[in-house]
>>> print(open('work01.cif').read())   # mmCIF, C-alpha atoms
data_structure
#
loop_
_atom_site.label_atom_id
_atom_site.label_comp_id
_atom_site.auth_asym_id
_atom_site.auth_seq_id
_atom_site.Cartn_x
_atom_site.Cartn_y
_atom_site.Cartn_z
CA MET A 1 -2.26 13.70 -18.95
CA LYS A 2 -0.93 10.61 -17.22
CA SER A 3 -4.36 9.83 -15.79
CA LEU A 4 -5.73 9.59 -19.35
CA VAL A 5 -3.33 6.71 -19.98
CA LEU A 6 -3.79 5.03 -16.60
CA ASP A 7 -7.58 5.12 -16.63
CA GLY A 8 -7.81 3.86 -20.19
CA ASN A 9 -9.20 7.01 -21.80
CA LEU A 10 -6.12 6.79 -24.01
CA PRO A 11 -5.97 3.02 -24.54
CA GLY A 12 -2.84 1.12 -25.41
CA GLY A 13 -2.21 1.14 -29.14
CA SER A 14 -3.93 4.48 -29.75
CA MET A 15 -2.24 7.49 -31.31
CA THR A 16 -2.59 11.02 -30.00
CA SER A 17 -0.90 14.37 -30.44
CA GLU A 18 0.18 17.31 -28.34
CA GLY A 19 -2.49 19.44 -30.00
CA GLU A 20 -5.32 16.98 -29.26
CA ILE A 21 -4.35 16.65 -25.61
CA ALA A 22 -3.77 20.39 -25.17
CA GLU A 23 -7.26 21.07 -26.54
CA GLN A 24 -8.85 18.31 -24.45
CA LEU A 25 -7.23 19.57 -21.24
CA GLY A 26 -7.55 23.27 -22.05
CA VAL A 27 -3.83 23.99 -21.69
CA SER A 28 -1.03 25.12 -23.97
CA ARG A 29 1.11 22.64 -25.85
CA THR A 30 4.21 23.31 -23.72
CA PRO A 31 3.09 21.41 -20.58
CA VAL A 32 1.69 18.66 -22.79
CA ARG A 33 5.05 18.32 -24.55
CA GLU A 34 6.77 18.04 -21.16
CA ALA A 35 4.23 15.43 -20.04
CA PHE A 36 4.79 13.46 -23.25
CA LEU A 37 8.53 13.37 -22.57
CA ARG A 38 8.00 12.15 -18.98
CA LEU A 39 5.54 9.50 -20.13
CA GLU A 40 7.99 8.35 -22.79
CA ALA A 41 10.69 8.03 -20.10
CA GLU A 42 8.26 5.92 -18.03
CA GLY A 43 7.58 3.67 -21.01
CA LEU A 44 3.93 4.68 -21.37
CA LEU A 45 4.30 6.60 -24.65
CA ARG A 46 6.42 6.21 -27.75
CA LEU A 47 6.97 9.54 -29.52
CA TYR A 48 7.09 9.89 -33.29
CA PRO A 49 8.23 13.33 -34.48
CA LYS A 50 5.61 15.14 -36.59
CA ARG A 51 3.20 12.18 -36.24
CA GLY A 52 2.29 12.15 -32.56
CA ALA A 53 2.54 9.67 -29.73
CA LEU A 54 1.61 6.02 -29.46
CA VAL A 55 0.22 4.83 -26.14
CA VAL A 56 2.31 1.73 -25.45
CA PRO A 57 0.07 -1.29 -24.81
CA VAL A 58 0.49 -3.34 -21.64
CA ALA A 59 2.90 -6.13 -22.58
CA PRO A 60 1.86 -9.68 -21.63
CA GLY A 61 5.11 -10.17 -19.72
CA GLU A 62 4.53 -6.96 -17.74
CA ALA A 63 1.06 -8.11 -16.74
CA ASP A 64 2.40 -11.46 -15.51
CA ASP A 65 5.18 -9.75 -13.54
CA VAL A 66 2.79 -7.29 -11.88
CA LEU A 67 0.29 -9.99 -10.95
CA ASP A 68 3.00 -12.30 -9.55
CA ALA A 69 4.42 -9.45 -7.45
CA ARG A 70 0.97 -8.52 -6.19
CA LEU A 71 0.28 -12.09 -5.11
CA LEU A 72 3.45 -12.17 -3.00
CA VAL A 73 2.99 -8.72 -1.49
CA GLU A 74 -0.73 -9.00 -0.76
CA THR A 75 -0.50 -12.48 0.71
CA HIS A 76 2.28 -11.33 3.02
CA ALA A 77 0.31 -8.23 4.01
CA ALA A 78 -2.75 -10.31 4.85
CA GLN A 79 -0.68 -12.41 7.26
CA SER A 80 0.11 -9.21 9.17
CA VAL A 81 -3.38 -7.75 8.87
CA VAL A 82 -5.02 -10.72 10.59
CA ARG A 83 -2.79 -10.08 13.62
CA LEU A 84 -4.03 -6.51 14.05
CA PRO A 85 -5.90 -5.64 17.25
CA ASP A 86 -9.68 -6.00 16.95
CA THR A 87 -10.37 -2.27 16.66
CA GLU A 88 -7.74 -1.74 13.94
CA LEU A 89 -8.98 -4.71 11.97
CA ALA A 90 -12.59 -3.52 12.30
CA THR A 91 -11.59 -0.06 11.04
CA LEU A 92 -9.79 -1.56 8.04
CA VAL A 93 -12.70 -3.88 7.23
CA ALA A 94 -15.13 -0.93 7.36
CA LEU A 95 -12.91 1.09 5.03
CA LEU A 96 -12.58 -1.82 2.60
CA ARG A 97 -16.35 -2.38 2.60
CA ASP A 98 -16.88 1.33 1.85
CA LEU A 99 -14.47 1.02 -1.08
CA VAL A 100 -16.36 -2.02 -2.37
CA THR A 101 -19.62 -0.04 -2.17
CA ALA A 102 -18.01 2.83 -4.08
CA GLN A 103 -16.73 0.35 -6.68
CA GLU A 104 -20.27 -0.98 -7.14
CA ALA A 105 -21.50 2.58 -7.73
CA ALA A 106 -18.74 3.21 -10.28
CA VAL A 107 -19.65 -0.02 -12.10
CA ALA A 108 -23.34 0.91 -12.10
CA ASP A 109 -22.45 4.34 -13.54
CA GLY A 110 -20.16 2.78 -16.16
CA ASP A 111 -17.27 4.88 -14.83
CA VAL A 112 -14.27 2.70 -15.71
CA ALA A 113 -11.73 5.33 -14.64
CA GLU A 114 -13.25 5.68 -11.17
CA TYR A 115 -13.57 1.92 -10.80
CA ALA A 116 -9.89 1.41 -11.72
CA THR A 117 -8.83 4.06 -9.20
CA LEU A 118 -10.94 2.50 -6.43
CA ASP A 119 -9.64 -0.98 -7.30
CA ALA A 120 -6.04 0.18 -6.93
CA ARG A 121 -6.86 1.92 -3.63
CA PHE A 122 -8.59 -1.19 -2.26
CA HIS A 123 -5.48 -3.31 -2.72
CA GLN A 124 -3.17 -0.53 -1.53
CA GLU A 125 -5.09 -0.19 1.75
CA ILE A 126 -4.57 -3.90 2.49
CA VAL A 127 -0.85 -3.71 1.80
CA ALA A 128 -0.44 -0.52 3.85
CA ALA A 129 -2.31 -2.09 6.77
CA GLY A 130 0.26 -4.89 6.73
CA GLY A 131 2.69 -2.40 8.22
CA ASN A 132 5.77 -3.11 6.08
CA ALA A 133 6.92 0.27 4.74
CA LEU A 134 9.17 -1.24 2.06
CA LEU A 135 6.40 -3.46 0.68
CA THR A 136 3.98 -0.54 0.80
CA THR A 137 6.37 1.59 -1.24
CA PHE A 138 6.88 -1.26 -3.70
CA SER A 139 3.12 -1.71 -3.92
CA VAL A 140 2.69 1.98 -4.74
CA SER A 141 5.04 1.50 -7.69
CA LEU A 142 2.84 -1.36 -8.89
CA ARG A 143 -0.35 0.65 -8.44
CA GLU A 144 -0.14 2.61 -11.69
CA ARG A 145 0.53 -0.51 -13.71
CA GLN A 146 -2.30 -2.26 -11.91
CA GLN A 147 -4.69 0.64 -12.50
CA ARG A 148 -3.90 0.66 -16.21
CA MET A 149 -4.38 -3.11 -16.53
CA VAL A 150 -7.70 -3.03 -14.67
CA ALA A 151 -9.01 -0.17 -16.82
CA HIS A 152 -7.98 -2.08 -19.95
CA SER A 153 -9.61 -5.31 -18.80
CA VAL A 154 -12.86 -3.68 -17.67
CA ARG A 155 -13.13 -1.45 -20.75
CA TRP A 156 -13.08 -4.53 -22.99
CA ASP A 157 -15.66 -6.37 -20.89
CA PRO A 158 -17.55 -4.24 -18.34
CA ARG A 159 -19.04 -7.38 -16.75
CA ARG A 160 -15.56 -8.22 -15.45
CA ALA A 161 -15.81 -5.33 -12.99
CA ALA A 162 -18.72 -7.05 -11.24
CA THR A 163 -16.60 -10.20 -10.94
CA PHE A 164 -13.73 -8.20 -9.47
CA VAL A 165 -16.05 -6.47 -6.98
CA ALA A 166 -17.37 -9.84 -5.82
CA GLY A 167 -13.76 -10.95 -5.42
CA HIS A 168 -13.03 -7.90 -3.30
CA ARG A 169 -15.99 -8.63 -1.06
CA ALA A 170 -14.73 -12.21 -0.59
CA LEU A 171 -11.26 -10.92 0.33
CA VAL A 172 -12.71 -8.61 2.97
CA ASP A 173 -14.80 -11.46 4.39
CA ALA A 174 -11.67 -13.60 4.81
CA LEU A 175 -9.73 -10.79 6.49
CA GLU A 176 -12.61 -10.03 8.84
CA VAL A 177 -12.54 -13.57 10.25
CA ARG A 178 -8.72 -13.66 10.20
CA ASP A 179 -8.60 -16.56 7.73
CA THR A 180 -5.32 -16.26 5.81
CA ARG A 181 -5.68 -19.62 4.10
CA THR A 182 -8.98 -18.59 2.51
CA TYR A 183 -7.59 -15.13 1.75
CA LYS A 184 -4.65 -16.64 -0.13
CA ARG A 185 -6.94 -18.89 -2.21
CA ARG A 186 -9.22 -15.96 -3.00
CA ILE A 187 -6.43 -13.54 -3.93
CA GLN A 188 -4.95 -16.21 -6.22
CA ARG A 189 -8.35 -16.66 -7.91
CA HIS A 190 -8.84 -12.89 -8.07
CA LEU A 191 -5.48 -12.36 -9.76
CA GLU A 192 -6.05 -15.27 -12.14
CA ASP A 193 -9.35 -13.64 -13.16
CA ALA A 194 -7.39 -10.44 -13.81
CA ARG A 195 -4.79 -12.36 -15.82
CA ALA A 196 -7.50 -14.01 -17.94
CA GLY A 197 -8.94 -10.58 -18.77
CA LEU A 198 -5.64 -9.41 -20.19
#
>>> encode(input="work01.cif", output="structure tokens")
Amino acid sequence: MKSLVLDGNLPGGSMTSEGEIAEQLGVSRTPVREAFLRLEAEGLLRLYPKRGALVVPVAPGEADDVLDARLLVETHAAQSVVRLPDTELATLVALLRDLVTAQEAAVADGDVAEYATLDARFHQEIVAAGGNALLTTFSVSLRERQQRMVAHSVRWDPRRAATFVAGHRALVDALEVRDTRTYKRRIQRHLEDARAGL
């Protein structure tokens, strides 16, 4: 159920019901009701008795907060990543390039949900490689918000995904040559592109 909200299949501002979701997922209404309550507690749904549930849109202030936090966390992580031993950096770069290739395939297939998942994983891998467990945990908490924002942005304008993929490739290029100054400029541009799409 939660993935329907995060990947944009239930976009912000849309109404749904326990019955619709139960039928779509092929389950009884009881687990859907429980999921609705959890999603309401997380601020993703607003429940209206006898009318259904509203998917809460991403608030402009939330988007700004998430993007600002990502800039700080990812810039810091990159400073650690460029100090990795050659073999570890090469392994990370190869993984990131594979994720970019998978993102391109998702874009070509028009699979917004898969693209949003891969986008979140791409950024999470960079932060995790930075080696700071607290920042990695914090980044995981941002991931769902990020995934939802990306799905929203790309669903409204699928061409944006191609721009984001090009941005990812540029980030990998900067990490590969251990250029944190260029990485910082590119992540700022990348996040500003994301902000503009929201």
>>> residues_around(input="work01.cif", residues="segment 170-182 of chain A", least_positions_apart="4", cutoff="12 Å", atoms="only C-alpha atoms", output="ChimeraX atom specification")
/A:74-100,122-123,125-126,129-130,163-166,186-191
>>> write_last_selection(input="work01.cif", atoms="C-alpha atoms", output="CSV table (one decimal), in the frame of the given file")
chain,number,residue,atom,x,y,z
A,74,GLU,CA,-0.7,-9.0,-0.8
A,75,THR,CA,-0.5,-12.5,0.7
A,76,HIS,CA,2.3,-11.3,3.0
A,77,ALA,CA,0.3,-8.2,4.0
A,78,ALA,CA,-2.8,-10.3,4.8
A,79,GLN,CA,-0.7,-12.4,7.3
A,80,SER,CA,0.1,-9.2,9.2
A,81,VAL,CA,-3.4,-7.8,8.9
A,82,VAL,CA,-5.0,-10.7,10.6
A,83,ARG,CA,-2.8,-10.1,13.6
A,84,LEU,CA,-4.0,-6.5,14.0
A,85,PRO,CA,-5.9,-5.6,17.2
A,86,ASP,CA,-9.7,-6.0,17.0
A,87,THR,CA,-10.4,-2.3,16.7
A,88,GLU,CA,-7.7,-1.7,13.9
A,89,LEU,CA,-9.0,-4.7,12.0
A,90,ALA,CA,-12.6,-3.5,12.3
A,91,THR,CA,-11.6,-0.1,11.0
A,92,LEU,CA,-9.8,-1.6,8.0
A,93,VAL,CA,-12.7,-3.9,7.2
A,94,ALA,CA,-15.1,-0.9,7.4
A,95,LEU,CA,-12.9,1.1,5.0
A,96,LEU,CA,-12.6,-1.8,2.6
A,97,ARG,CA,-16.4,-2.4,2.6
A,98,ASP,CA,-16.9,1.3,1.8
A,99,LEU,CA,-14.5,1.0,-1.1
A,100,VAL,CA,-16.4,-2.0,-2.4
A,122,PHE,CA,-8.6,-1.2,-2.3
A,123,HIS,CA,-5.5,-3.3,-2.7
A,125,GLU,CA,-5.1,-0.2,1.8
A,126,ILE,CA,-4.6,-3.9,2.5
A,129,ALA,CA,-2.3,-2.1,6.8
A,130,GLY,CA,0.3,-4.9,6.7
A,163,THR,CA,-16.6,-10.2,-10.9
A,164,PHE,CA,-13.7,-8.2,-9.5
A,165,VAL,CA,-16.0,-6.5,-7.0
A,166,ALA,CA,-17.4,-9.8,-5.8
A,186,ARG,CA,-9.2,-16.0,-3.0
A,187,ILE,CA,-6.4,-13.5,-3.9
A,188,GLN,CA,-5.0,-16.2,-6.2
A,189,ARG,CA,-8.4,-16.7,-7.9
A,190,HIS,CA,-8.8,-12.9,-8.1
A,191,LEU,CA,-5.5,-12.4,-9.8
>>> closest_residue(input="work01.cif", among="A:Asp157, A:Asp109, A:Glu144, A:Glu20", to="Ala194 of chain A", atoms="all atoms listed in the file")
A:Asp157
>>> residues_around(input="work01.cif", residues="segment 54-70 of chain A", least_positions_apart="2", cutoff="8 Å", atoms="all atoms listed in the file", output="count of residues only")
26
>>> resolve_selection(input="work01.cif", expression="the PyMOL selection byres ((chain A and resi 33) around 12)", output="list in words")
Met1, Thr16, Ser17, Glu18, Gly19, Glu20, Ile21, Ala22, Val27, Ser28, Arg29, Thr30, Pro31, Val32, Glu34, Ala35, Phe36, Leu37, Arg38, Leu39, Glu40, Leu45, Leu47, Pro49, Gly52 and Ala53 of chain A
>>> resolve_selection(input="work01.cif", expression="the PyMOL selection byres ((chain A and resi 154) around 10)", output="list in words")
Gly8, Val107, Gly110, Val112, Ala113, Tyr115, Ala116, Met149, Val150, Ala151, His152, Ser153, Arg155, Trp156, Asp157, Pro158, Arg159, Arg160, Ala161, Ala162, Phe164, Ala194, Gly197 and Leu198 of chain A
>>> closest_residue(input="work01.cif", among="A:Leu25, A:Asn9, A:Arg148, A:Leu134", to="Thr117 of chain A", atoms="only C-alpha atoms")
A:Arg148
>>> atom_distance(input="work01.cif", atom1="atom CA of His168 of chain A", atom2="atom CA of Leu6 of chain A")
20.7 Å
>>> atom_distance(input="work01.cif", atom1="atom CA of Phe138 of chain A", atom2="atom CA of Ala102 of chain A")
25.2 Å
>>> atom_distance(input="work01.cif", atom1="atom CA of Gly167 of chain A", atom2="atom CA of Lys2 of chain A")
27.7 Å
>>> closest_residue(input="work01.cif", among="A:Glu23, A:Gln124, A:Tyr183, A:Arg169", to="Gln103 of chain A", atoms="all atoms listed in the file")
A:Arg169
>>> axis_aligned_box(input="work01.cif", around="segment 87-95 of chain A", padding_each_side="3 Å", output="lines of an AutoDock Vina configuration file")
center_x = -11.4
center_y = -1.8
center_z = 10.8
size_x = 13.4
size_y = 11.8
size_z = 17.6
>>> build_atoms(input="work01.cif", residues="segment 21-47 of chain A", atoms="N, CA, C and O atoms", output="PDB file, in the coordinates of the input")
ATOM      1  N   ILE A  21      -4.333  16.679 -27.069  1.00  0.00           N
ATOM      2  CA  ILE A  21      -4.350  16.650 -25.610  1.00  0.00           C
ATOM      3  C   ILE A  21      -4.448  18.051 -25.040  1.00  0.00           C
ATOM      4  O   ILE A  21      -5.181  18.302 -24.074  1.00  0.00           O
ATOM      5  N   ALA A  22      -3.714  18.999 -25.633  1.00  0.00           N
ATOM      6  CA  ALA A  22      -3.770  20.390 -25.170  1.00  0.00           C
ATOM      7  C   ALA A  22      -5.206  20.911 -25.257  1.00  0.00           C
ATOM      8  O   ALA A  22      -5.706  21.553 -24.327  1.00  0.00           O
ATOM      9  N   GLU A  23      -5.865  20.624 -26.366  1.00  0.00           N
ATOM     10  CA  GLU A  23      -7.260  21.070 -26.540  1.00  0.00           C
ATOM     11  C   GLU A  23      -8.183  20.381 -25.535  1.00  0.00           C
ATOM     12  O   GLU A  23      -9.025  21.018 -24.910  1.00  0.00           O
ATOM     13  N   GLN A  24      -8.003  19.074 -25.370  1.00  0.00           N
ATOM     14  CA  GLN A  24      -8.850  18.310 -24.450  1.00  0.00           C
ATOM     15  C   GLN A  24      -8.705  18.813 -23.016  1.00  0.00           C
ATOM     16  O   GLN A  24      -9.683  18.902 -22.280  1.00  0.00           O
ATOM     17  N   LEU A  25      -7.480  19.139 -22.610  1.00  0.00           N
ATOM     18  CA  LEU A  25      -7.230  19.570 -21.240  1.00  0.00           C
ATOM     19  C   LEU A  25      -7.334  21.080 -21.049  1.00  0.00           C
ATOM     20  O   LEU A  25      -7.290  21.563 -19.914  1.00  0.00           O
ATOM     21  N   GLY A  26      -7.442  21.815 -22.146  1.00  0.00           N
ATOM     22  CA  GLY A  26      -7.550  23.270 -22.050  1.00  0.00           C
ATOM     23  C   GLY A  26      -6.278  23.943 -21.590  1.00  0.00           C
ATOM     24  O   GLY A  26      -6.321  24.895 -20.811  1.00  0.00           O
ATOM     25  N   VAL A  27      -5.131  23.416 -22.056  1.00  0.00           N
ATOM     26  CA  VAL A  27      -3.830  23.990 -21.690  1.00  0.00           C
ATOM     27  C   VAL A  27      -3.023  24.231 -22.963  1.00  0.00           C
ATOM     28  O   VAL A  27      -3.396  23.787 -24.044  1.00  0.00           O
ATOM     29  N   SER A  28      -1.899  24.913 -22.810  1.00  0.00           N
ATOM     30  CA  SER A  28      -1.030  25.120 -23.970  1.00  0.00           C
ATOM     31  C   SER A  28      -0.274  23.833 -24.292  1.00  0.00           C
ATOM     32  O   SER A  28      -0.260  22.894 -23.499  1.00  0.00           O
ATOM     33  N   ARG A  29       0.384  23.842 -25.423  1.00  0.00           N
ATOM     34  CA  ARG A  29       1.110  22.640 -25.850  1.00  0.00           C
ATOM     35  C   ARG A  29       2.390  22.407 -25.041  1.00  0.00           C
ATOM     36  O   ARG A  29       2.865  21.277 -24.955  1.00  0.00           O
ATOM     37  N   THR A  30       2.942  23.453 -24.440  1.00  0.00           N
ATOM     38  CA  THR A  30       4.210  23.310 -23.720  1.00  0.00           C
ATOM     39  C   THR A  30       4.126  22.305 -22.571  1.00  0.00           C
ATOM     40  O   THR A  30       4.956  21.377 -22.499  1.00  0.00           O
ATOM     41  N   PRO A  31       3.147  22.419 -21.648  1.00  0.00           N
ATOM     42  CA  PRO A  31       3.090  21.410 -20.580  1.00  0.00           C
ATOM     43  C   PRO A  31       2.757  20.020 -21.106  1.00  0.00           C
ATOM     44  O   PRO A  31       3.195  19.017 -20.544  1.00  0.00           O
ATOM     45  N   VAL A  32       2.018  19.966 -22.198  1.00  0.00           N
ATOM     46  CA  VAL A  32       1.690  18.660 -22.790  1.00  0.00           C
ATOM     47  C   VAL A  32       2.959  18.034 -23.356  1.00  0.00           C
ATOM     48  O   VAL A  32       3.210  16.839 -23.169  1.00  0.00           O
ATOM     49  N   ARG A  33       3.787  18.826 -24.006  1.00  0.00           N
ATOM     50  CA  ARG A  33       5.050  18.320 -24.550  1.00  0.00           C
ATOM     51  C   ARG A  33       5.923  17.758 -23.422  1.00  0.00           C
ATOM     52  O   ARG A  33       6.499  16.669 -23.549  1.00  0.00           O
ATOM     53  N   GLU A  34       5.986  18.504 -22.309  1.00  0.00           N
ATOM     54  CA  GLU A  34       6.770  18.040 -21.160  1.00  0.00           C
ATOM     55  C   GLU A  34       6.203  16.739 -20.594  1.00  0.00           C
ATOM     56  O   GLU A  34       6.947  15.827 -20.240  1.00  0.00           O
ATOM     57  N   ALA A  35       4.869  16.656 -20.526  1.00  0.00           N
ATOM     58  CA  ALA A  35       4.230  15.430 -20.040  1.00  0.00           C
ATOM     59  C   ALA A  35       4.523  14.260 -20.977  1.00  0.00           C
ATOM     60  O   ALA A  35       4.794  13.142 -20.527  1.00  0.00           O
ATOM     61  N   PHE A  36       4.483  14.516 -22.275  1.00  0.00           N
ATOM     62  CA  PHE A  36       4.790  13.460 -23.250  1.00  0.00           C
ATOM     63  C   PHE A  36       6.201  12.916 -23.022  1.00  0.00           C
ATOM     64  O   PHE A  36       6.419  11.702 -23.065  1.00  0.00           O
ATOM     65  N   LEU A  37       7.147  13.809 -22.783  1.00  0.00           N
ATOM     66  CA  LEU A  37       8.530  13.370 -22.570  1.00  0.00           C
ATOM     67  C   LEU A  37       8.660  12.524 -21.304  1.00  0.00           C
ATOM     68  O   LEU A  37       9.359  11.510 -21.290  1.00  0.00           O
ATOM     69  N   ARG A  38       7.968  12.938 -20.225  1.00  0.00           N
ATOM     70  CA  ARG A  38       8.000  12.150 -18.980  1.00  0.00           C
ATOM     71  C   ARG A  38       7.358  10.780 -19.192  1.00  0.00           C
ATOM     72  O   ARG A  38       7.871   9.765 -18.719  1.00  0.00           O
ATOM     73  N   LEU A  39       6.230  10.773 -19.899  1.00  0.00           N
ATOM     74  CA  LEU A  39       5.540   9.500 -20.130  1.00  0.00           C
ATOM     75  C   LEU A  39       6.350   8.582 -21.048  1.00  0.00           C
ATOM     76  O   LEU A  39       6.301   7.361 -20.907  1.00  0.00           O
ATOM     77  N   GLU A  40       7.100   9.167 -21.955  1.00  0.00           N
ATOM     78  CA  GLU A  40       7.990   8.350 -22.790  1.00  0.00           C
ATOM     79  C   GLU A  40       9.090   7.739 -21.918  1.00  0.00           C
ATOM     80  O   GLU A  40       9.412   6.555 -22.049  1.00  0.00           O
ATOM     81  N   ALA A  41       9.642   8.531 -21.003  1.00  0.00           N
ATOM     82  CA  ALA A  41      10.690   8.030 -20.100  1.00  0.00           C
ATOM     83  C   ALA A  41      10.159   6.907 -19.212  1.00  0.00           C
ATOM     84  O   ALA A  41      10.901   5.990 -18.850  1.00  0.00           O
ATOM     85  N   GLU A  42       8.882   6.961 -18.858  1.00  0.00           N
ATOM     86  CA  GLU A  42       8.260   5.920 -18.030  1.00  0.00           C
ATOM     87  C   GLU A  42       7.811   4.710 -18.844  1.00  0.00           C
ATOM     88  O   GLU A  42       7.319   3.733 -18.288  1.00  0.00           O
ATOM     89  N   GLY A  43       7.952   4.793 -20.156  1.00  0.00           N
ATOM     90  CA  GLY A  43       7.580   3.670 -21.010  1.00  0.00           C
ATOM     91  C   GLY A  43       6.103   3.600 -21.339  1.00  0.00           C
ATOM     92  O   GLY A  43       5.624   2.580 -21.851  1.00  0.00           O
ATOM     93  N   LEU A  44       5.372   4.681 -21.091  1.00  0.00           N
ATOM     94  CA  LEU A  44       3.930   4.680 -21.370  1.00  0.00           C
ATOM     95  C   LEU A  44       3.603   5.227 -22.754  1.00  0.00           C
ATOM     96  O   LEU A  44       2.560   4.907 -23.316  1.00  0.00           O
ATOM     97  N   LEU A  45       4.481   6.049 -23.303  1.00  0.00           N
ATOM     98  CA  LEU A  45       4.300   6.600 -24.650  1.00  0.00           C
ATOM     99  C   LEU A  45       5.530   6.324 -25.487  1.00  0.00           C
ATOM    100  O   LEU A  45       6.637   6.221 -24.965  1.00  0.00           O
ATOM    101  N   ARG A  46       5.320   6.240 -26.792  1.00  0.00           N
ATOM    102  CA  ARG A  46       6.420   6.210 -27.750  1.00  0.00           C
ATOM    103  C   ARG A  46       6.184   7.388 -28.691  1.00  0.00           C
ATOM    104  O   ARG A  46       5.121   7.471 -29.318  1.00  0.00           O
ATOM    105  N   LEU A  47       7.139   8.315 -28.742  1.00  0.00           N
ATOM    106  CA  LEU A  47       6.970   9.540 -29.520  1.00  0.00           C
ATOM    107  C   LEU A  47       7.498   9.370 -30.937  1.00  0.00           C
ATOM    108  O   LEU A  47       8.564   8.785 -31.153  1.00  0.00           O
TER     109      LEU A  47
END
